[in-house]
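Student: Quick one: the structure is below, questions incoming.
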Amino acid sequence: MRPFSYTKARVIEDARQITADESAMAIAGGTNLLDLMKLQVETPHKLADINRIGFDEIKKTADGGLSIGALATNTATAVHPRVRSDYPVLARAILSGATQQLRNKATNGGNLCQRTRCFYFTNIDQPCNKREPGSGCGAIDGIAKLHAVLGASDQCIATYPGDMAVALSALDAQVHIATAGGSERTVPVRDFHCLPGDTPWRDNVLEDGEIITAITLPAPVGGTQIYRKVRERSSYAFALVSIAAIVEMKDGLFSRADLAFGGLAHKPWHDLRIAEALIGQPPTAQTFDKAADILLEIARGYGENDFKIPLARRTLHAVLEHAAEEAA
Amino acid sequence: MSDTISINGTQHSLPDDPRRSLLDFVRQDLGLTGTKKGCDHGQCGACTVIVNGIRINSCLTLAVMHDGDEVTTIEGLGTPEAPSELQKAFVAHDGFQCGYCTPGQICSATAMLQEIANNWPSDASESLEGEMNVTGEEIRERMSGNLCRCGAYANIVAAIRDVAEESA
Amino acid sequence: MTVHFKQDKPEQSNRLDGMKQGVLGKGVSRLEGLAKVTGTAPYAAEYPVEGCAEGVLVTSTITRGEVVGLDKDAVLAMPGVLAVIDDSRLTTRPAQGTANEAPKQGPKTISYWGQPIALVVAETFEQARDAAKHLTVKYREEEGAPVDPQAVETEEKDGTVRQGDLAHAMAEAAHSVDVTFTTRGHASAAMEPHAAIAEWDGDKLTVHASLQMLNYNISELADALGVEEDDVRLISRFVGGGFGSKLGISEEVVAAAIAAKDLARPVRVVMSRQQVFQCIMRRSETTQRLRLAADEDGKLTGFGHHAVVSNLPGEVFAEPVLQSSHFLYSGENRELMLEVARIHRMTAGSVRAPGEAVGMPALEGAMDVLAEKVGIDPVELRLKNIPEQDPEEGLPFSSNKLAECLKQGAEAFGWDSGPRKPRQHQDGEWWVGTGMASAARAHSISEARAKVTLKSDGTALVETDMTDIGTGTYTILAQIAGEMLGLEPNKVLVELGDTRHPRGSGSGGSWGAASTGSAVYVACKAIREDLAARVGVEETALELSQGKTSAGKSLIDLLGGEDIAREGHYEPGDIKDDYTAAGFGAFFAQVRVNRYTGETRVDRMLGAFGFGRVLNHKTARSQCLGGITWSIGVALTEALEFDPRDGHLVNCDLAEYHVPVNRDVPELDVLMVEERDAAASPIQAKGIGELGMCGGAAAIANAIYNASGARIFDYPMTPDHVLKAMPD
């Protein structure tokens, strides 16, 4: 960990001011940032501690939805009565991630900004275009079991490792951002994370000095909500594949099918065409395959992670079959 | 805002170097070496302490971020002369072997039982709502953030169940 | 006074069962338990040492070559930095178990990615950690270092067995199996990272370190530093797990000692978790071909086991995959061969149960295939093939409880011995099935010394440099002494882990309890002789319990203000050569396999083991539970991943190297089968630290097949492997 100056921000303006500097970062829960600072993957010269600037409330919105403070912890969010009753897919996704100790400290804003677990990204003595633009990608032709099969580029095949954002994507949540100039902008969570393309160092759309203030959920969406995470241990492991699903059935046919996928790409994967293909169809293996065909249309493995393609298809079958049963 | 931190009820000044983790602060500066460093990256749980009633990994937080906080370490839960119920149960059930993960396991279990009492759900809970039960599967999931390489899990679960049932 | 006992014959007198205290074997709680649960037991890095500087190792970022320059000045200019040490005595690999001499030294020559090349010392840990990252190193790289074990020529190890004609037996067999299994590398991943605090007082060096075998480590350290053993004191009172990774001195011990001398102040060096992964020991990956030939009824006529493992050039250690295959089953036509591939990955060495940990899962997987071919119950197949004597050496077994373990285990588990077919039970998305496997682990015993003092106040003191790495040594030695001297264990103070004490056996190869326990036994027997003389009876007639003789005379009175001290020196003699000795057992598992995702969960598991006398029911059971837990890791989750280009260990932390978590481990049952193995040790005990993981992974693998129809030959059986093998 390099030396840095540490400042406690009292209000968001303090934080904005400090983090407008390219070499400064905001620290909230710190569970990901300090991990990376110890490895010198992150080397900020200044840290603004934003834990005491507020933005940790979970409250009802005017349209009956829920506003979740960026600085509320993952635990506070998952155990909130309204999250449990109205957005179970979100509670389930959060509870499937990390450990209780980490969720007790990790914040929602930080979780959205969680960086990849790619082995080459976290090892500063290996090439990585995300960490050091132009140094190459160690994972391509390296150890790539965890890596992306959708939307990767020849610059980077890393995945976004989180669970919470996958559920937020299925829920079509909005991310509220305080800009460096003092105004606010809102970005759908589905557009918050970036694909690597030629700018793999960019995880998401945040600019210097911008801070996430809240995430809003739409009015309760009902339906059968499932978060299914396939992993190598029964707990405390990152997803090989995960699916957040909000499903409704009417007269034996899908009437709603909002799905988002984790573990497959540099961002939670969402494809509107999947819902279109499912709605109005009966829950049969053929229907599930059609949805999987759309999901995996452009899928490409890198050897070690080839299995994710059939695994995603099979997990989708399991989730849709289960959801259709529950929703019927 | 105060610039001190309470550790097991005693006030201490915060360290000068902001890089010092809460873990290194209690171990190195205060000599409270019951809290263990197993990985320094939040991956093993050996450093688990209780901050304002909540269990966290002390390796992944800076000491300077905790002004005004109340921290309980294993030394604050009990002593060889006056051990806590969980500490006694871990001895009786042989809920450890080498003992290195043990303080973290016990701090974690102490807070975990409170989480269940608060009816916080876990990944293993059938329902997200209502009363949470102290089942084997619940304990196993909720304690999965504390690795034990000696493989004492079966006894750890037995020790925790014992205490949970006694106090129920 | 030292009493020497060399054991040439089985110890049939069975003295321990005749003692009157009645404490040996009981499930006494660990005597150091309260210290551990209250955080007051000090581990290596935790001793308060005035003025201690902090060192952090710098490791190589190339695979093979030379260090041609270090920019020391830039680092020395950083805040708090005291020194950059690149002394030629720095060790670059951990010493192998029982090496007794320095491991490879000379940090300028690099033979694997991640090898230590220097130590940066600063006033604080944070300063040292940052400075270590800033040290610029110039290399002369030697390209093309082989890192893939499949891509190099192999060397045949000594010990190949060719008996009869296996090829012919295979051709003639009514049933035969010819399968190849692979296993991946494993890490010990002990929870306490390797750590040392070194301090010099003139020419006298004291090091607090985390080590398993001080009796060897002291010579290794003295040799590395070029000093006399008499000038070195090693202390390891509490060791936060070893599992082979702390058998020999590791790089931080020598580095701390050199730095402390150079700086004339104490220096602490603690490896980061990543460094523990990358520069201590790996268990080698293996490729194993199993050939089994059987007659119509399943009786083995041929047995072949051929394994390829790897290690660095120059390392003698080769994962002893075939260790138990030599004697576990009959079959007159035999071929067993071990080969080593020389590659530039980190050092391969001992990780819990070297050999059987991976050999048995392959052998027992093949046995399951054979049982299916023959069409008999897999338990029955094993029972049919238990040899009368060692099938290669012709030696008698010291004792062999395999049959009892198989039978008692099957009964306790509720094993269904009826016809077996995959995919018979479904529970929602999950296929449910059962599997079993034998357990075997070669028994080792070694020379050991321990001093026992019966004090005038009626308490006893046991002193040896033996360690307790979580195995229960503190408690079982107190129980042995207590049993012999008629004392409750809490009246026996056990002092371990300090080279000022007599040399014990060290903890490794599951031999600690039987070896050092025997030294304590020998010392106590001599003390009893002295006491018997005072009472005026034969030693064999002396009955002691609760601090008194059977006539009611207290030890305190008998001692009359004197202490009686004896050093027991146990040495295994001809028993080592005259018998084949091993622990045996059986595993039974029920698993569920998700029919969509290939995820596997263990529902329940049972192990039945025969390992000689049980010294402490509670701690022995814990050792078994630990072994079974490791079996789950071998079967389902653990695999080291190496970069195919530079050979570096990629998943070098506890997030990505998956040791089992609590939720991976269901309720487990342990059955300890009664046994007294008189040829194993004077106390009739064998080891139990490793047996519990020698074959358990196969019970899980065989259950995966029975549940889902996926016959998998590659461990660990992660969802990708399961899905590939799962029939539609």
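Just remember, in the structure tokens the first chain shown is A, the second B, etc., residues are 1-based per chain, and ligands are 1-based in the order shown.
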Mind the document's chain letters and residue numbers, and return as an MDAnalysis selection string the residues of range 71-320 of chain A that DSSP labels alpha helix (DSSP H).
Tutor: chainID A and resid 74:78 81:86 88:96 100:105 108:112 164:170 189:192 272:278 285:295 308:320
Student: Considering only C-alpha atoms, extract the chain A residues located within 7 Å of chain C and return them as a PDB file with N, CA, C and O atoms, in the first residue's frame.
Tutor:
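Wrote it out as iface.pdb, contents follow:
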```pdb
ATOM      1  N   MET A   1       0.845  -1.192   0.000  1.00  0.00           N
ATOM      2  CA  MET A   1       0.000   0.000   0.000  1.00  0.00           C
ATOM      3  C   MET A   1       0.879   1.241   0.000  1.00  0.00           C
ATOM      4  O   MET A   1       1.758   1.380   0.830  1.00  0.00           O
ATOM      5  N   ARG A   2       0.626   2.119  -0.972  1.00  0.00           N
ATOM      6  CA  ARG A   2       1.440   3.350  -1.025  1.00  0.00           C
ATOM      7  C   ARG A   2       0.930   4.355   0.009  1.00  0.00           C
ATOM      8  O   ARG A   2      -0.233   4.312   0.380  1.00  0.00           O
ATOM      9  N   PHE A 119      -7.277 -12.965 -12.343  1.00  0.00           N
ATOM     10  CA  PHE A 119      -5.987 -13.206 -11.682  1.00  0.00           C
ATOM     11  C   PHE A 119      -4.885 -12.286 -12.212  1.00  0.00           C
ATOM     12  O   PHE A 119      -3.926 -11.992 -11.514  1.00  0.00           O
ATOM     13  N   ASP A 125       2.503  -7.948 -11.333  1.00  0.00           N
ATOM     14  CA  ASP A 125       3.672  -8.393 -12.097  1.00  0.00           C
ATOM     15  C   ASP A 125       3.274  -9.209 -13.325  1.00  0.00           C
ATOM     16  O   ASP A 125       4.095  -9.935 -13.882  1.00  0.00           O
ATOM     17  N   GLY A 142      -4.162 -17.627 -21.078  1.00  0.00           N
ATOM     18  CA  GLY A 142      -3.702 -17.944 -19.728  1.00  0.00           C
ATOM     19  C   GLY A 142      -4.774 -18.746 -19.013  1.00  0.00           C
ATOM     20  O   GLY A 142      -5.446 -19.571 -19.613  1.00  0.00           O
ATOM     21  N   ILE A 143      -4.917 -18.484 -17.708  1.00  0.00           N
ATOM     22  CA  ILE A 143      -5.933 -19.186 -16.921  1.00  0.00           C
ATOM     23  C   ILE A 143      -7.201 -18.336 -16.958  1.00  0.00           C
ATOM     24  O   ILE A 143      -7.231 -17.235 -16.407  1.00  0.00           O
ATOM     25  N   GLU A 232     -18.414 -22.883  -7.294  1.00  0.00           N
ATOM     26  CA  GLU A 232     -17.600 -24.074  -7.033  1.00  0.00           C
ATOM     27  C   GLU A 232     -17.596 -24.487  -5.571  1.00  0.00           C
ATOM     28  O   GLU A 232     -17.225 -25.608  -5.263  1.00  0.00           O
ATOM     29  N   ARG A 233     -17.941 -23.590  -4.673  1.00  0.00           N
ATOM     30  CA  ARG A 233     -18.162 -23.979  -3.287  1.00  0.00           C
ATOM     31  C   ARG A 233     -19.628 -23.703  -3.000  1.00  0.00           C
ATOM     32  O   ARG A 233     -20.274 -22.946  -3.716  1.00  0.00           O
ATOM     33  N   SER A 234     -20.136 -24.266  -1.909  1.00  0.00           N
ATOM     34  CA  SER A 234     -21.552 -24.047  -1.615  1.00  0.00           C
ATOM     35  C   SER A 234     -21.791 -22.672  -1.017  1.00  0.00           C
ATOM     36  O   SER A 234     -22.926 -22.242  -0.878  1.00  0.00           O
ATOM     37  N   SER A 235     -20.717 -22.001  -0.643  1.00  0.00           N
ATOM     38  CA  SER A 235     -20.829 -20.632  -0.153  1.00  0.00           C
ATOM     39  C   SER A 235     -19.485 -19.957  -0.400  1.00  0.00           C
ATOM     40  O   SER A 235     -18.474 -20.627  -0.573  1.00  0.00           O
ATOM     41  N   PHE A 307     -16.957 -24.193 -20.815  1.00  0.00           N
ATOM     42  CA  PHE A 307     -18.087 -24.845 -20.126  1.00  0.00           C
ATOM     43  C   PHE A 307     -19.182 -23.872 -19.720  1.00  0.00           C
ATOM     44  O   PHE A 307     -20.314 -24.275 -19.490  1.00  0.00           O
ATOM     45  N   LEU A 311     -23.239 -24.408 -19.510  1.00  0.00           N
ATOM     46  CA  LEU A 311     -23.709 -24.235 -18.131  1.00  0.00           C
ATOM     47  C   LEU A 311     -24.776 -23.141 -18.063  1.00  0.00           C
ATOM     48  O   LEU A 311     -25.779 -23.272 -17.355  1.00  0.00           O
ATOM     49  N   ARG A 314     -28.015 -24.573 -19.376  1.00  0.00           N
ATOM     50  CA  ARG A 314     -28.648 -25.526 -18.444  1.00  0.00           C
ATOM     51  C   ARG A 314     -29.211 -24.802 -17.229  1.00  0.00           C
ATOM     52  O   ARG A 314     -30.277 -25.152 -16.726  1.00  0.00           O
ATOM     53  N   THR A 315     -28.481 -23.793 -16.752  1.00  0.00           N
ATOM     54  CA  THR A 315     -28.966 -23.051 -15.586  1.00  0.00           C
ATOM     55  C   THR A 315     -30.228 -22.277 -15.951  1.00  0.00           C
ATOM     56  O   THR A 315     -31.162 -22.179 -15.148  1.00  0.00           O
ATOM     57  N   ALA A 318     -33.057 -24.595 -15.749  1.00  0.00           N
ATOM     58  CA  ALA A 318     -33.434 -24.868 -14.359  1.00  0.00           C
ATOM     59  C   ALA A 318     -34.242 -23.714 -13.781  1.00  0.00           C
ATOM     60  O   ALA A 318     -35.279 -23.923 -13.149  1.00  0.00           O
TER      61      ALA A 318
END
```
Student: Residues near range 43-47 of chain A, anyone? I mean within 6 Å using only C-alpha atoms, not counting same-chain ones fewer than 6 positions away, as number ranges by chain.
Tutor: A: 4-6, 23-26, 37
Student: Let me see the file: selected residues, all heavy atoms, as an mmCIF file, in the first residue's frame.
Tutor:
```cif
data_model
loop_
_atom_site.group_PDB
_atom_site.id
_atom_site.type_symbol
_atom_site.label_atom_id
_atom_site.label_comp_id
_atom_site.auth_asym_id
_atom_site.auth_seq_id
_atom_site.Cartn_x
_atom_site.Cartn_y
_atom_site.Cartn_z
ATOM 1 N N PHE A 4 -0.700 7.635 1.425
ATOM 2 C CA PHE A 4 -1.751 8.502 0.876
ATOM 3 C C PHE A 4 -2.174 9.455 1.974
ATOM 4 O O PHE A 4 -1.938 9.193 3.166
ATOM 5 C CB PHE A 4 -2.946 7.669 0.392
ATOM 6 C CG PHE A 4 -3.515 6.746 1.433
ATOM 7 C CD1 PHE A 4 -4.445 7.204 2.362
ATOM 8 C CD2 PHE A 4 -3.104 5.416 1.497
ATOM 9 C CE1 PHE A 4 -4.943 6.360 3.345
ATOM 10 C CE2 PHE A 4 -3.605 4.571 2.486
ATOM 11 C CZ PHE A 4 -4.525 5.036 3.409
ATOM 12 N N SER A 5 -2.773 10.537 1.563
ATOM 13 C CA SER A 5 -3.334 11.423 2.581
ATOM 14 C C SER A 5 -4.792 11.037 2.780
ATOM 15 O O SER A 5 -5.479 10.670 1.825
ATOM 16 C CB SER A 5 -3.207 12.880 2.154
ATOM 17 O OG SER A 5 -4.014 13.111 1.025
ATOM 18 N N TYR A 6 -5.224 11.105 4.012
ATOM 19 C CA TYR A 6 -6.550 10.616 4.361
ATOM 20 C C TYR A 6 -7.385 11.762 4.895
ATOM 21 O O TYR A 6 -6.956 12.490 5.796
ATOM 22 C CB TYR A 6 -6.407 9.522 5.416
ATOM 23 C CG TYR A 6 -7.699 9.099 6.070
ATOM 24 C CD1 TYR A 6 -8.507 8.135 5.464
ATOM 25 C CD2 TYR A 6 -8.110 9.647 7.285
ATOM 26 C CE1 TYR A 6 -9.696 7.729 6.066
ATOM 27 C CE2 TYR A 6 -9.297 9.244 7.885
ATOM 28 C CZ TYR A 6 -10.087 8.294 7.276
ATOM 29 O OH TYR A 6 -11.245 7.900 7.864
ATOM 30 N N SER A 23 -5.842 11.366 -8.997
ATOM 31 C CA SER A 23 -5.132 10.407 -8.148
ATOM 32 C C SER A 23 -5.829 10.196 -6.803
ATOM 33 O O SER A 23 -5.271 9.601 -5.907
ATOM 34 C CB SER A 23 -3.704 10.895 -7.903
ATOM 35 O OG SER A 23 -3.744 12.032 -7.062
ATOM 36 N N ALA A 24 -7.043 10.691 -6.679
ATOM 37 C CA ALA A 24 -7.772 10.536 -5.422
ATOM 38 C C ALA A 24 -8.902 9.539 -5.595
ATOM 39 O O ALA A 24 -9.403 9.326 -6.691
ATOM 40 C CB ALA A 24 -8.343 11.879 -4.981
ATOM 41 N N MET A 25 -9.288 8.912 -4.505
ATOM 42 C CA MET A 25 -10.418 7.993 -4.548
ATOM 43 C C MET A 25 -11.254 8.160 -3.296
ATOM 44 O O MET A 25 -10.771 8.577 -2.251
ATOM 45 C CB MET A 25 -9.929 6.541 -4.639
ATOM 46 C CG MET A 25 -9.256 6.217 -5.958
ATOM 47 S SD MET A 25 -8.718 4.499 -6.045
ATOM 48 C CE MET A 25 -10.219 3.724 -6.640
ATOM 49 N N ALA A 26 -12.516 7.797 -3.442
ATOM 50 C CA ALA A 26 -13.396 7.767 -2.275
ATOM 51 C C ALA A 26 -13.352 6.374 -1.685
ATOM 52 O O ALA A 26 -13.277 5.387 -2.409
ATOM 53 C CB ALA A 26 -14.822 8.108 -2.696
ATOM 54 N N MET A 37 -5.574 -2.025 -2.848
ATOM 55 C CA MET A 37 -4.474 -1.118 -2.473
ATOM 56 C C MET A 37 -3.304 -1.894 -1.863
ATOM 57 O O MET A 37 -2.143 -1.573 -2.079
ATOM 58 C CB MET A 37 -4.974 -0.042 -1.498
ATOM 59 C CG MET A 37 -5.779 1.065 -2.186
ATOM 60 S SD MET A 37 -6.589 2.180 -1.018
ATOM 61 C CE MET A 37 -5.166 2.999 -0.272
#
```
Student: Would you list which chain A residues are within 6 Å of chain B using only C-alpha atoms, as number ranges by chain?
Tutor: A: 31, 34-35, 79, 84, 95-96, 99, 101
Student: Between C:Asp677, C:Asp231, C:Asp465, C:Asp669, which is the closest to chain B once you count only C-alpha atoms?
Tutor: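 The shortest atom-to-atom distance to chain B comes from C:Asp669.
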Student: Need the shell around range 392-400 of chain C: protein/DNA/RNA residues with any atom at most 7 Å away, counting only C-alpha atoms. Skip same-chain ones fewer than 2 positions apart. Format as a PyMOL selection string?
Tutor: chain C and resi 326-327+389-390+402+578-581+584+677+679-680
Student: Between CA of Tyr160 in chain A and CA of Asn129 in chain A, what is the spacing in Å?
Tutor: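 Computed distance, CA of Asn129 in chain A to CA of Tyr160 in chain A, equals 15.3 Å.
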Student: When you look at Thr160 in chain C with a cut-off of 7 Å (counting only C-alpha atoms), what residues show up, excluding the ones that are within fewer than 2 positions of it in the same chain? I need them as a PyMOL selection string.
Tutor: chain C and resi 158+162+336-338
Student: Which residues are close to Arg15 in chain C, i.e. within 12 Å by only C-alpha atoms, leaving aside same-chain residues fewer than 2 positions away? Reply as a PyMOL selection string.
Tutor: chain C and resi 11-13+17-20+24+480+483-484+521-522+524-525+539-543+676+678+682-684
Student: I need the chosen residues saved as a tab-separated table (two decimals), in the first residue's frame, with N, CA and C atoms.
Tutor:
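Saved the output as out.tsv:
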```tsv
chain	number	residue	atom	x	y	z
C	11	GLU	N	5.42	-55.11	20.97
C	11	GLU	CA	5.27	-54.89	22.41
C	11	GLU	C	3.96	-55.54	22.85
C	12	GLN	N	4.05	-56.82	23.16
C	12	GLN	CA	2.82	-57.58	23.45
C	12	GLN	C	2.38	-57.42	24.90
C	13	SER	N	3.25	-56.89	25.75
C	13	SER	CA	2.92	-56.87	27.18
C	13	SER	C	1.70	-55.99	27.46
C	17	ASP	N	-2.84	-50.82	29.06
C	17	ASP	CA	-4.20	-51.20	29.43
C	17	ASP	C	-4.28	-51.68	30.88
C	18	GLY	N	-3.11	-52.03	31.45
C	18	GLY	CA	-3.11	-52.50	32.83
C	18	GLY	C	-2.95	-51.39	33.85
C	19	MET	N	-2.69	-50.16	33.38
C	19	MET	CA	-2.50	-49.05	34.32
C	19	MET	C	-3.84	-48.67	34.95
C	20	LYS	N	-3.75	-48.01	36.09
C	20	LYS	CA	-4.96	-47.81	36.89
C	20	LYS	C	-5.57	-46.41	36.82
C	24	LEU	N	-5.99	-42.65	29.72
C	24	LEU	CA	-5.52	-42.72	28.34
C	24	LEU	C	-6.67	-43.17	27.43
C	480	ILE	N	-0.59	-39.78	28.48
C	480	ILE	CA	0.32	-40.93	28.59
C	480	ILE	C	1.08	-40.86	29.92
C	483	GLU	N	-1.31	-41.51	32.80
C	483	GLU	CA	-1.69	-42.92	32.92
C	483	GLU	C	-0.58	-43.72	33.60
C	484	MET	N	0.65	-43.46	33.19
C	484	MET	CA	1.78	-44.22	33.71
C	484	MET	C	2.08	-43.86	35.17
C	521	TYR	N	6.55	-42.60	27.24
C	521	TYR	CA	6.27	-43.90	27.85
C	521	TYR	C	7.55	-44.51	28.44
C	522	VAL	N	8.60	-44.46	27.67
C	522	VAL	CA	9.88	-45.04	28.10
C	522	VAL	C	10.39	-44.30	29.36
C	524	CYS	N	8.60	-42.60	31.52
C	524	CYS	CA	7.69	-42.86	32.66
C	524	CYS	C	7.92	-44.24	33.23
C	525	LYS	N	8.23	-45.19	32.35
C	525	LYS	CA	8.49	-46.54	32.83
C	525	LYS	C	9.71	-46.54	33.75
C	539	GLU	N	8.23	-53.35	39.27
C	539	GLU	CA	7.57	-52.25	38.54
C	539	GLU	C	6.23	-52.71	37.98
C	540	THR	N	6.19	-53.93	37.48
C	540	THR	CA	4.94	-54.43	36.87
C	540	THR	C	3.81	-54.55	37.90
C	541	ALA	N	4.17	-54.59	39.17
C	541	ALA	CA	3.14	-54.73	40.20
C	541	ALA	C	2.73	-53.39	40.79
C	542	LEU	N	3.42	-52.33	40.35
C	542	LEU	CA	3.14	-50.99	40.91
C	542	LEU	C	1.84	-50.43	40.33
C	543	GLU	N	0.89	-50.18	41.18
C	543	GLU	CA	-0.39	-49.62	40.74
C	543	GLU	C	-0.51	-48.19	41.26
C	676	ARG	N	-4.98	-52.67	18.80
C	676	ARG	CA	-3.71	-52.47	19.50
C	676	ARG	C	-2.65	-52.99	18.54
C	678	ALA	N	0.84	-53.83	18.17
C	678	ALA	CA	2.02	-54.02	19.01
C	678	ALA	C	3.33	-53.82	18.25
C	682	PRO	N	5.67	-48.91	20.92
C	682	PRO	CA	5.50	-49.48	22.26
C	682	PRO	C	4.14	-49.15	22.86
C	683	ILE	N	3.56	-48.01	22.46
C	683	ILE	CA	2.25	-47.67	23.00
C	683	ILE	C	1.13	-48.20	22.11
C	684	GLN	N	1.50	-49.01	21.11
C	684	GLN	CA	0.56	-49.72	20.23
C	684	GLN	C	-0.33	-48.77	19.43
```
Student: Please compute the CA of Leu487 in chain C-CA of Gln546 in chain C distance, one decimal, in Å.
Tutor: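 Result for CA of Leu487 in chain C versus CA of Gln546 in chain C: 5.2 Å, one decimal.
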Student: Restricting the calculation to only C-alpha atoms: of C:Leu691, C:Val28, C:Val49, C:Val670, which residue gets closest to Gly31 in chain B?
Tutor: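 Nearest to Gly31 in chain B: C:Val49.
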Student: How would you write, as a list of chain:residue names, the set of residues in chain B that DSSP gives as strand (DSSP E or B)?
Tutor: B:Thr4, B:Ile5, B:Ser6, B:Ile7, B:Thr10, B:Gln11, B:His12, B:Ser13, B:Ser21, B:Thr48, B:Val49, B:Ile50, B:Val51, B:Ile54, B:Arg55, B:Ile56, B:Asn57, B:Leu62, B:Glu70, B:Val71, B:Thr72
Student: Record the distance separating CA of Gly78 in chain B and CA of Pro193 in chain C, expressed in Å with one decimal.
Tutor: 25.5 Å
Student: Compile the contact shell of Trp511 in chain C as a list in words: residues with an atom at most 6 Å away, counting only C-alpha atoms, same-chain residues fewer than 2 positions apart removed.
Tutor: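 Residues near the query, excluding close chain neighbours: Ser444, Ile445, Gly509, Ala513, Ala514, Ser515 and Gly687 of chain C.
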Student: Save the residues we just selected, all heavy atoms, as a short mmCIF file (atom, residue, chain, number, x, y, z; two decimals), in the first residue's frame?
Tutor:
```cif
data_model
loop_
_atom_site.label_atom_id
_atom_site.label_comp_id
_atom_site.auth_asym_id
_atom_site.auth_seq_id
_atom_site.Cartn_x
_atom_site.Cartn_y
_atom_site.Cartn_z
N SER C 444 4.46 -44.55 9.79
CA SER C 444 5.86 -44.20 10.00
C SER C 444 6.09 -44.00 11.49
O SER C 444 5.18 -43.57 12.21
CB SER C 444 6.23 -42.90 9.30
OG SER C 444 6.03 -43.00 7.94
N ILE C 445 7.28 -44.28 11.91
CA ILE C 445 7.63 -44.05 13.32
C ILE C 445 9.07 -43.61 13.34
O ILE C 445 9.87 -44.01 12.48
CB ILE C 445 7.39 -45.31 14.16
CG1 ILE C 445 7.73 -45.10 15.63
CG2 ILE C 445 8.18 -46.51 13.64
CD1 ILE C 445 6.55 -45.22 16.54
N GLY C 509 4.08 -36.66 8.86
CA GLY C 509 3.91 -38.05 8.48
C GLY C 509 3.09 -38.84 9.48
O GLY C 509 3.20 -40.06 9.57
N ALA C 513 2.59 -38.61 17.43
CA ALA C 513 1.98 -39.16 18.65
C ALA C 513 2.63 -40.48 19.03
O ALA C 513 3.03 -40.69 20.18
CB ALA C 513 0.49 -39.34 18.44
N ALA C 514 2.77 -41.38 18.05
CA ALA C 514 3.31 -42.70 18.36
C ALA C 514 4.79 -42.59 18.75
O ALA C 514 5.25 -43.28 19.67
CB ALA C 514 3.14 -43.62 17.16
N SER C 515 5.55 -41.73 18.09
CA SER C 515 6.99 -41.65 18.35
C SER C 515 7.30 -40.93 19.65
O SER C 515 7.94 -41.47 20.55
CB SER C 515 7.70 -40.95 17.19
OG SER C 515 7.39 -41.56 15.95
N GLY C 687 -0.54 -43.48 13.50
CA GLY C 687 -0.92 -42.08 13.30
C GLY C 687 -2.33 -41.94 12.76
O GLY C 687 -2.86 -42.86 12.14
#
```
Student: Find the residue from C:Gly504, C:Gly106, C:Gly612, C:Gly27 that sits nearest to chain B; use only C-alpha atoms when measuring.
Tutor: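 Closest to chain B, using only C-alpha atoms: C:Gly27.
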